[in-house]
>>> print(open('run.cif').read())   # mmCIF, C-alpha atoms and all ligand atoms
data_start
loop_
_atom_site.label_atom_id
_atom_site.label_comp_id
_atom_site.auth_asym_id
_atom_site.auth_seq_id
_atom_site.Cartn_x
_atom_site.Cartn_y
_atom_site.Cartn_z
CA MET A 1125 17.14 17.84 7.44
CA THR A 1126 17.08 20.90 5.24
CA GLU A 1127 16.37 20.75 1.52
CA ARG A 1128 19.23 20.98 -0.96
CA VAL A 1129 19.40 22.97 -4.15
CA PRO A 1130 20.05 20.75 -7.20
CA VAL A 1131 23.30 21.32 -9.09
CA LEU A 1132 23.07 20.34 -12.78
CA LYS A 1133 26.00 19.60 -15.03
CA ILE A 1134 25.70 20.78 -18.62
CA GLY A 1135 28.84 20.05 -20.58
CA ASP A 1136 31.67 21.78 -18.81
CA VAL A 1137 29.44 23.96 -16.67
CA LEU A 1138 27.62 23.50 -13.38
CA LEU A 1139 24.23 25.19 -13.31
CA VAL A 1140 22.32 26.16 -10.21
CA SER A 1141 18.93 27.76 -10.47
CA ILE A 1142 17.60 29.16 -7.21
CA GLN A 1143 13.82 28.82 -7.24
CA VAL A 1144 12.67 29.21 -3.66
CA ASP A 1145 13.35 31.49 -0.72
CA LEU A 1146 16.32 29.72 0.85
CA GLU A 1147 17.03 29.48 4.52
CA ASP A 1148 20.58 30.19 5.64
CA GLN A 1149 21.65 26.58 6.15
CA THR A 1150 20.54 25.66 2.63
CA VAL A 1151 22.62 28.55 1.29
CA LEU A 1152 25.71 27.27 3.13
CA ASP A 1153 25.07 23.71 1.93
CA LEU A 1154 24.89 24.96 -1.64
CA GLN A 1155 28.25 26.68 -1.29
CA ASP A 1156 29.83 23.43 -0.07
CA ASP A 1157 28.08 21.31 -2.70
CA LEU A 1158 29.34 23.55 -5.48
CA ALA A 1159 32.95 23.35 -4.30
CA ALA A 1160 32.74 19.56 -4.10
CA ARG A 1161 31.09 19.25 -7.51
CA ILE A 1162 33.68 21.51 -9.19
CA VAL A 1163 36.43 19.20 -8.02
CA ALA A 1164 34.49 15.99 -8.71
CA THR A 1165 33.50 16.99 -12.25
CA GLY A 1166 36.44 19.19 -13.26
CA ALA A 1167 33.91 21.81 -14.36
CA SER A 1168 35.42 25.00 -15.70
CA GLY A 1169 32.42 27.20 -15.02
CA VAL A 1170 29.55 27.75 -12.60
CA VAL A 1171 26.37 29.60 -13.44
CA ILE A 1172 24.10 30.69 -10.60
CA ASP A 1173 20.71 31.73 -11.94
CA ILE A 1174 18.89 34.11 -9.61
CA THR A 1175 16.13 35.13 -12.03
CA ALA A 1176 13.49 33.91 -9.57
CA VAL A 1177 15.15 35.42 -6.50
CA GLU A 1178 13.22 38.32 -5.02
CA ILE A 1179 15.77 39.50 -2.48
CA VAL A 1180 19.49 39.08 -1.95
CA ASP A 1181 20.50 40.06 1.56
CA SER A 1182 23.99 40.20 3.06
CA PHE A 1183 23.96 36.47 3.75
CA VAL A 1184 23.16 35.37 0.20
CA GLY A 1185 25.38 38.16 -1.16
CA ARG A 1186 28.28 36.86 0.86
CA MET A 1187 27.61 33.32 -0.42
CA LEU A 1188 27.76 34.55 -4.01
CA ALA A 1189 31.06 36.33 -3.39
CA THR A 1190 32.53 33.39 -1.48
CA THR A 1191 31.44 30.90 -4.14
CA ALA A 1192 33.04 33.03 -6.85
CA ALA A 1193 36.28 33.14 -4.85
CA ILE A 1194 36.29 29.43 -4.04
CA SER A 1195 35.57 28.40 -7.62
CA ARG A 1196 38.33 30.67 -8.91
CA MET A 1197 40.74 28.89 -6.61
CA LEU A 1198 39.51 25.58 -7.98
CA ASP A 1199 40.11 26.79 -11.54
CA ALA A 1200 36.48 27.49 -12.41
CA GLU A 1201 34.78 30.78 -13.21
CA THR A 1202 31.43 31.78 -11.66
CA VAL A 1203 28.82 33.93 -13.33
CA VAL A 1204 25.65 35.09 -11.57
CA VAL A 1205 22.81 35.58 -14.04
CA GLY A 1206 19.34 37.10 -14.00
CA MET A 1207 19.62 39.63 -11.19
CA ARG A 1208 16.45 41.71 -11.00
CA PRO A 1209 16.85 45.50 -11.15
CA ALA A 1210 15.24 45.96 -7.73
CA VAL A 1211 17.71 43.46 -6.27
CA ALA A 1212 20.67 45.30 -7.78
CA ILE A 1213 19.46 48.66 -6.44
CA THR A 1214 18.92 47.18 -2.98
CA LEU A 1215 22.29 45.42 -2.86
CA VAL A 1216 24.18 48.60 -3.69
CA GLU A 1217 22.26 50.56 -1.05
CA LEU A 1218 22.90 47.78 1.45
CA GLY A 1219 26.59 48.35 0.77
CA LEU A 1220 27.32 45.16 -1.16
CA SER A 1221 28.45 45.82 -4.69
CA LEU A 1222 29.73 42.26 -5.25
CA GLY A 1223 32.85 43.57 -6.96
CA GLY A 1224 34.47 40.17 -7.36
CA VAL A 1225 31.41 38.50 -8.86
CA ARG A 1226 30.87 38.35 -12.62
CA THR A 1227 27.30 38.89 -13.73
CA ALA A 1228 25.32 38.54 -16.94
CA LEU A 1229 21.76 39.61 -17.59
CA THR A 1230 20.57 36.29 -18.98
CA LEU A 1231 21.47 32.64 -18.74
CA GLU A 1232 22.41 32.63 -22.42
CA LYS A 1233 24.81 35.54 -21.99
CA GLY A 1234 26.29 33.92 -18.90
CA LEU A 1235 27.01 30.67 -20.73
CA ASP A 1236 28.43 32.68 -23.56
CA MET A 1237 30.75 34.47 -21.19
CA LEU A 1238 32.10 31.17 -19.88
CA ALA A 1239 32.58 29.80 -23.38
CA ARG A 1240 34.98 32.61 -24.24
CA PRO A 1241 37.77 32.44 -21.68
CA ASP A 1242 39.55 35.38 -23.33
CA SER A 1243 36.77 37.59 -22.04
CA ARG A 1244 37.92 36.96 -18.48
CA PRO A 1245 39.09 40.06 -16.68
CA PRO A 1246 42.80 40.15 -15.85
CA ALA A 1247 43.49 38.28 -12.60
CA LYS A 1248 43.80 40.50 -9.58
CA PRO A 1249 47.19 40.36 -7.85
CA MET B 561 17.47 58.59 16.55
CA SER B 562 13.91 58.03 17.70
CA GLY B 563 11.02 59.97 16.25
CA PRO B 564 7.30 59.69 16.80
CA ARG B 565 6.33 56.05 16.68
CA PRO B 566 3.78 55.30 14.00
CA VAL B 567 0.54 53.91 15.36
CA PRO B 568 0.17 50.26 14.40
CA ASP B 569 -3.09 49.10 12.92
CA ALA B 570 -5.06 46.73 15.10
CA ASP B 571 -4.40 43.81 12.77
CA HIS B 572 -0.64 43.51 13.21
CA GLU B 573 0.83 40.02 13.43
CA THR B 574 3.52 38.62 15.69
CA ILE B 575 5.78 35.69 14.86
CA THR B 576 8.57 34.13 16.87
CA ILE B 577 12.08 34.09 15.42
CA GLU B 578 13.78 31.01 16.76
CA SER B 579 15.16 29.24 13.69
CA ASN B 580 16.47 29.86 10.18
CA ASP B 581 13.03 28.87 8.97
CA ASP B 582 11.46 31.69 10.96
CA VAL B 583 13.74 34.18 9.18
CA VAL B 584 12.24 32.96 5.90
CA ARG B 585 8.72 33.31 7.35
CA ALA B 586 9.51 36.84 8.54
CA ARG B 587 10.58 37.83 5.03
CA GLN B 588 7.45 36.33 3.50
CA LEU B 589 5.11 37.99 5.96
CA VAL B 590 6.68 41.41 5.40
CA ARG B 591 6.54 40.89 1.65
CA THR B 592 2.82 40.09 1.78
CA LEU B 593 2.16 43.29 3.73
CA ALA B 594 4.36 45.37 1.45
CA GLN B 595 2.35 44.15 -1.53
CA ARG B 596 -0.93 44.82 0.25
CA CYS B 597 0.29 48.33 1.01
CA LYS B 598 1.17 48.78 -2.68
CA LEU B 599 4.78 49.71 -2.09
CA SER B 600 6.70 49.97 -5.36
CA LEU B 601 8.66 46.87 -6.34
CA VAL B 602 11.95 48.52 -5.39
CA ASP B 603 10.56 49.63 -2.02
CA GLN B 604 9.16 46.14 -1.36
CA THR B 605 12.57 44.67 -2.10
CA LYS B 606 14.33 47.16 0.16
CA LEU B 607 11.95 46.58 3.07
CA VAL B 608 12.03 42.79 2.80
CA THR B 609 15.83 42.86 2.60
CA ALA B 610 16.02 45.04 5.72
CA ALA B 611 13.60 42.70 7.51
CA SER B 612 15.74 39.72 6.57
CA GLU B 613 18.85 41.36 8.03
CA LEU B 614 17.09 42.31 11.26
CA ALA B 615 15.41 38.93 11.68
CA ARG B 616 18.77 37.21 11.32
CA ASN B 617 20.36 39.55 13.87
CA THR B 618 17.50 38.79 16.28
CA LEU B 619 18.20 35.09 15.86
CA VAL B 620 22.00 35.12 15.81
CA TYR B 621 22.87 37.88 18.29
CA GLY B 622 19.64 38.27 20.25
CA GLY B 623 19.32 34.53 20.80
CA GLY B 624 15.85 34.60 19.23
CA GLY B 625 12.88 36.86 19.74
CA VAL B 626 9.79 38.08 17.96
CA MET B 627 8.80 40.17 14.99
CA ARG B 628 5.65 42.25 15.08
CA THR B 629 4.52 43.63 11.75
CA GLY B 630 1.55 45.38 10.22
CA LEU B 631 0.27 48.29 8.22
CA VAL B 632 0.56 51.73 9.78
CA ARG B 633 -1.02 55.08 9.06
CA ARG B 634 0.26 58.56 9.72
CA ASP B 635 -1.62 61.58 8.46
CA SER B 636 -2.86 60.37 5.10
CA ARG B 637 0.02 58.01 4.45
CA VAL B 638 0.10 54.26 4.74
CA GLY B 639 3.17 52.16 5.33
CA VAL B 640 4.47 48.86 6.62
CA THR B 641 6.24 48.59 9.91
CA ALA B 642 8.22 45.70 11.37
CA VAL B 643 9.50 45.59 14.93
CA PHE B 644 12.15 43.07 15.99
CA GLU B 645 12.56 42.41 19.65
CA ASP B 646 14.83 40.15 21.67
CA SER B 647 15.92 39.76 25.29
CA GLY B 648 19.52 39.06 24.36
CA PRO B 649 22.76 40.71 25.44
CA GLY B 650 22.01 44.14 23.94
CA ILE B 651 24.47 46.25 21.96
CA PRO B 652 27.19 47.88 24.09
CA ASP B 653 28.44 50.34 21.45
CA LEU B 654 25.69 51.43 19.11
CA ASP B 655 27.84 53.72 16.96
CA LEU B 656 30.21 50.87 16.34
CA ALA B 657 27.39 48.42 15.57
CA LEU B 658 25.96 50.89 13.05
CA THR B 659 29.30 51.31 11.29
CA ASP B 660 29.50 49.73 7.84
CA GLY B 661 31.72 46.69 8.01
CA TRP B 662 31.85 46.28 11.76
CA THR B 663 30.86 42.85 13.03
CA SER B 664 31.35 41.07 16.32
CA GLY B 665 30.77 37.77 14.56
CA GLY B 666 31.63 36.44 11.14
CA GLY B 667 29.28 38.62 9.12
CA LEU B 668 29.97 41.48 6.77
CA GLY B 669 28.81 44.06 9.29
CA LEU B 670 26.32 45.47 6.80
CA GLY B 671 23.00 44.26 8.19
CA LEU B 672 22.23 46.97 10.70
CA SER B 673 23.74 49.94 8.86
CA GLY B 674 22.36 48.69 5.54
CA ALA B 675 18.87 48.13 6.93
CA ARG B 676 18.88 51.71 8.22
CA ARG B 677 19.61 53.01 4.70
CA LEU B 678 16.96 50.80 3.10
CA VAL B 679 13.97 52.05 5.12
CA ASP B 680 12.29 55.42 5.75
CA ASP B 681 12.09 55.25 9.56
CA PHE B 682 14.55 53.39 11.74
CA THR B 683 14.62 53.32 15.53
CA LEU B 684 16.85 51.21 17.72
CA ASP B 685 16.54 50.75 21.46
CA THR B 686 19.01 48.57 23.25
CA GLU B 687 20.20 47.99 26.76
CA VAL B 688 23.11 45.80 27.73
CA GLY B 689 21.88 42.69 29.49
CA ARG B 690 18.23 43.38 28.63
CA GLY B 691 17.81 43.17 24.90
CA THR B 692 17.34 45.01 21.66
CA GLN B 693 14.37 46.41 19.76
CA VAL B 694 14.67 47.62 16.18
CA ALA B 695 11.68 49.17 14.40
CA VAL B 696 11.61 49.93 10.68
CA THR B 697 8.95 51.50 8.48
CA LYS B 698 8.60 52.04 4.77
CA TRP B 699 5.90 54.41 3.52
CA ALA B 700 3.99 54.09 0.26
CA ARG B 701 4.67 57.02 -2.07
N1 LIG C 1301 19.81 42.01 18.16
C1 LIG C 1301 21.10 42.18 18.47
N2 LIG C 1301 21.55 41.88 19.72
C2 LIG C 1301 22.85 42.05 20.05
N3 LIG C 1301 23.80 42.51 19.20
C3 LIG C 1301 23.42 42.81 17.96
C4 LIG C 1301 22.06 42.68 17.51
N4 LIG C 1301 22.00 43.07 16.22
C5 LIG C 1301 23.24 43.42 15.88
N5 LIG C 1301 24.12 43.29 16.89
C6 LIG C 1301 25.55 43.61 16.90
O1 LIG C 1301 25.80 44.55 15.88
C7 LIG C 1301 26.81 44.07 14.99
C8 LIG C 1301 26.54 44.57 13.60
O2 LIG C 1301 25.34 43.98 13.09
P1 LIG C 1301 25.19 43.84 11.52
O3 LIG C 1301 23.90 43.16 11.22
O4 LIG C 1301 25.42 45.18 10.90
O5 LIG C 1301 26.42 42.94 11.10
P2 LIG C 1301 26.59 41.34 11.19
O6 LIG C 1301 25.31 40.70 11.55
O7 LIG C 1301 27.75 41.10 12.09
O8 LIG C 1301 26.96 40.99 9.69
P3 LIG C 1301 25.97 40.93 8.43
O9 LIG C 1301 24.60 41.29 8.91
O10 LIG C 1301 26.50 41.91 7.45
O11 LIG C 1301 26.07 39.53 7.94
C9 LIG C 1301 26.76 42.57 15.13
O12 LIG C 1301 27.99 41.96 14.78
C10 LIG C 1301 26.43 42.41 16.62
O13 LIG C 1301 27.59 42.53 17.40
MG MG C 1302 23.53 41.05 10.60
#
>>> encode(input="run.cif", output="C-alpha cells")
Amino acid sequence: MTERVPVLKIGDVLLVSIQVDLEDQTVLDLQDDLAARIVATGASGVVIDITAVEIVDSFVGRMLATTAAISRMLDAETVVVGMRPAVAITLVELGLSLGGVRTALTLEKGLDMLARPDSRPPAKP
Amino acid sequence: MSGPRPVPDADHETITIESNDDVVRARQLVRTLAQRCKLSLVDQTKLVTAASELARNTLVYGGGGVMRTGLVRRDSRVGVTAVFEDSGPGIPDLDLALTDGWTSGGGLGLGLSGARRLVDDFTLDTEVGRGTQVAVTKWAR
C-alpha cells in the first residue's frame, strides 16, 4: 500500500497540495484520483500547489502535463501554483517547458485565475 | 565522453535501487550531500533532479542496481558525485538514447539527455548484455 495525496474540494475547485517527496506510484495514483474527483464533483478547476516541492523531474512534470490535459477534456482547468525558481530553471534545462500547463505564482493568484474564465487562453485546435 | 574520474572520498555511501521507494531515498541522500557540499540552491536542484532521472532509469530499464554517492575533491574544488550501476540489458545505441525525446518505453525521453545537461561531469559506460554505469558530478562554485 502506498500513501495517497489528499484532494480537497473548496467550492468549485479541487485543491491538491504536495507536501512530501512522492514516489512514482503515488504520483500516478494522484493523477487517477483527480480525474475521478473532477467527474464525481463536477469541479470546474484544479489547483496543484507545489510550493513545498523541491524538485520536479520528468516523471512529475509529465504528470502535471497529463493532468492538465485530462482535466481539460473533463471540462476543468488546471493551474499549478508555487513553483520555486530553482525548479523552473531546472525544468527548462531538463527540456520540459510544460507549455500546456497554466501556472500562477501563488495559490491566491491561481484561484483568481480560475474564477475568471475569460482569462483562459484560446483553445488550441 | 569520459574524462578523468574524480577520486571519491572514503566516506561514500551505497544504496540499492530496487523499488520506487529507493528512488526517493536516492534523491534524499544526494540532496543531503549537495547541502553539505554547499552547492547553490539551483545547483542542488539540478543535481537532485539528474539523480532522480538516473535512479529511475536504473530501476526501470536496468532492472535495479545500486547508487554510490559521496563528496569528491579535485585540485581545490569539492563536489558531489553519484554513480548509478546496473547489470541490465545495456544500451545498444547510445547516441539514440541520448537524443532528446527518444524513449524505448513510455517516457518522455528526457531523463538521460536532460541529466547530462544538468550536471558538470557526465560519463556513461554501457555494454549490451552486461549493464550500464552512469556517473555524474556537480562542483561547488
Ligand atoms: N540503465 C539503463 N539500462 C538500459 N537502457 C537504458 C538505461 N537508461 C536509459 N536507457 C535507455 O535510454 C532511453 C532514454 O532514457 P531517458 O531516461 O532519456 O528516457 P526515458 O526514461 O525513456 O523517459 P523519461 O526519463 O523522460 O521519462 C530509455 O528509453 C532506455 O531505452
Ligand atoms: Mg528516464
>>> interface_residues(input="run.cif", of="chain B", to="chain A", cutoff="12 Å", atoms="all atoms listed in the file", output="ChimeraX atom specification")
/B:579-588,591,600-617,619-620,659-661,666-679
>>> write_last_selection(input="run.cif", atoms="C-alpha atoms", output="CSV table (one decimal), keeping the file's coordinate frame")
chain,number,residue,atom,x,y,z
B,579,SER,CA,15.2,29.2,13.7
B,580,ASN,CA,16.5,29.9,10.2
B,581,ASP,CA,13.0,28.9,9.0
B,582,ASP,CA,11.5,31.7,11.0
B,583,VAL,CA,13.7,34.2,9.2
B,584,VAL,CA,12.2,33.0,5.9
B,585,ARG,CA,8.7,33.3,7.4
B,586,ALA,CA,9.5,36.8,8.5
B,587,ARG,CA,10.6,37.8,5.0
B,588,GLN,CA,7.4,36.3,3.5
B,591,ARG,CA,6.5,40.9,1.6
B,600,SER,CA,6.7,50.0,-5.4
B,601,LEU,CA,8.7,46.9,-6.3
B,602,VAL,CA,12.0,48.5,-5.4
B,603,ASP,CA,10.6,49.6,-2.0
B,604,GLN,CA,9.2,46.1,-1.4
B,605,THR,CA,12.6,44.7,-2.1
B,606,LYS,CA,14.3,47.2,0.2
B,607,LEU,CA,12.0,46.6,3.1
B,608,VAL,CA,12.0,42.8,2.8
B,609,THR,CA,15.8,42.9,2.6
B,610,ALA,CA,16.0,45.0,5.7
B,611,ALA,CA,13.6,42.7,7.5
B,612,SER,CA,15.7,39.7,6.6
B,613,GLU,CA,18.8,41.4,8.0
B,614,LEU,CA,17.1,42.3,11.3
B,615,ALA,CA,15.4,38.9,11.7
B,616,ARG,CA,18.8,37.2,11.3
B,617,ASN,CA,20.4,39.6,13.9
B,619,LEU,CA,18.2,35.1,15.9
B,620,VAL,CA,22.0,35.1,15.8
B,659,THR,CA,29.3,51.3,11.3
B,660,ASP,CA,29.5,49.7,7.8
B,661,GLY,CA,31.7,46.7,8.0
B,666,GLY,CA,31.6,36.4,11.1
B,667,GLY,CA,29.3,38.6,9.1
B,668,LEU,CA,30.0,41.5,6.8
B,669,GLY,CA,28.8,44.1,9.3
B,670,LEU,CA,26.3,45.5,6.8
B,671,GLY,CA,23.0,44.3,8.2
B,672,LEU,CA,22.2,47.0,10.7
B,673,SER,CA,23.7,49.9,8.9
B,674,GLY,CA,22.4,48.7,5.5
B,675,ALA,CA,18.9,48.1,6.9
B,676,ARG,CA,18.9,51.7,8.2
B,677,ARG,CA,19.6,53.0,4.7
B,678,LEU,CA,17.0,50.8,3.1
B,679,VAL,CA,14.0,52.0,5.1
>>> atom_distance(input="run.cif", atom1="CA of Trp699 (chain B)", atom2="CA of Val640 (chain B)")
6.5 Å
>>> atom_distance(input="run.cif", atom1="atom O10 of ligand LIG 1301 (chain C)", atom2="CA of Ala700 (chain B)")
26.6 Å
>>> closest_residue(input="run.cif", among="A:Val1204, A:Ala1159, A:Ala1164, A:Ala1239", to="Ser1141 (chain A)", atoms="all atoms listed in the file")
A:Val1204
>>> closest_residue(input="run.cif", among="A:Ile1174, A:Val1131, A:Gly1224, A:Met1187", to="Arg1161 (chain A)", atoms="all atoms listed in the file")
A:Val1131
>>> atom_distance(input="run.cif", atom1="CA of Leu1238 (chain A)", atom2="CA of Glu1201 (chain A)")
7.2 Å
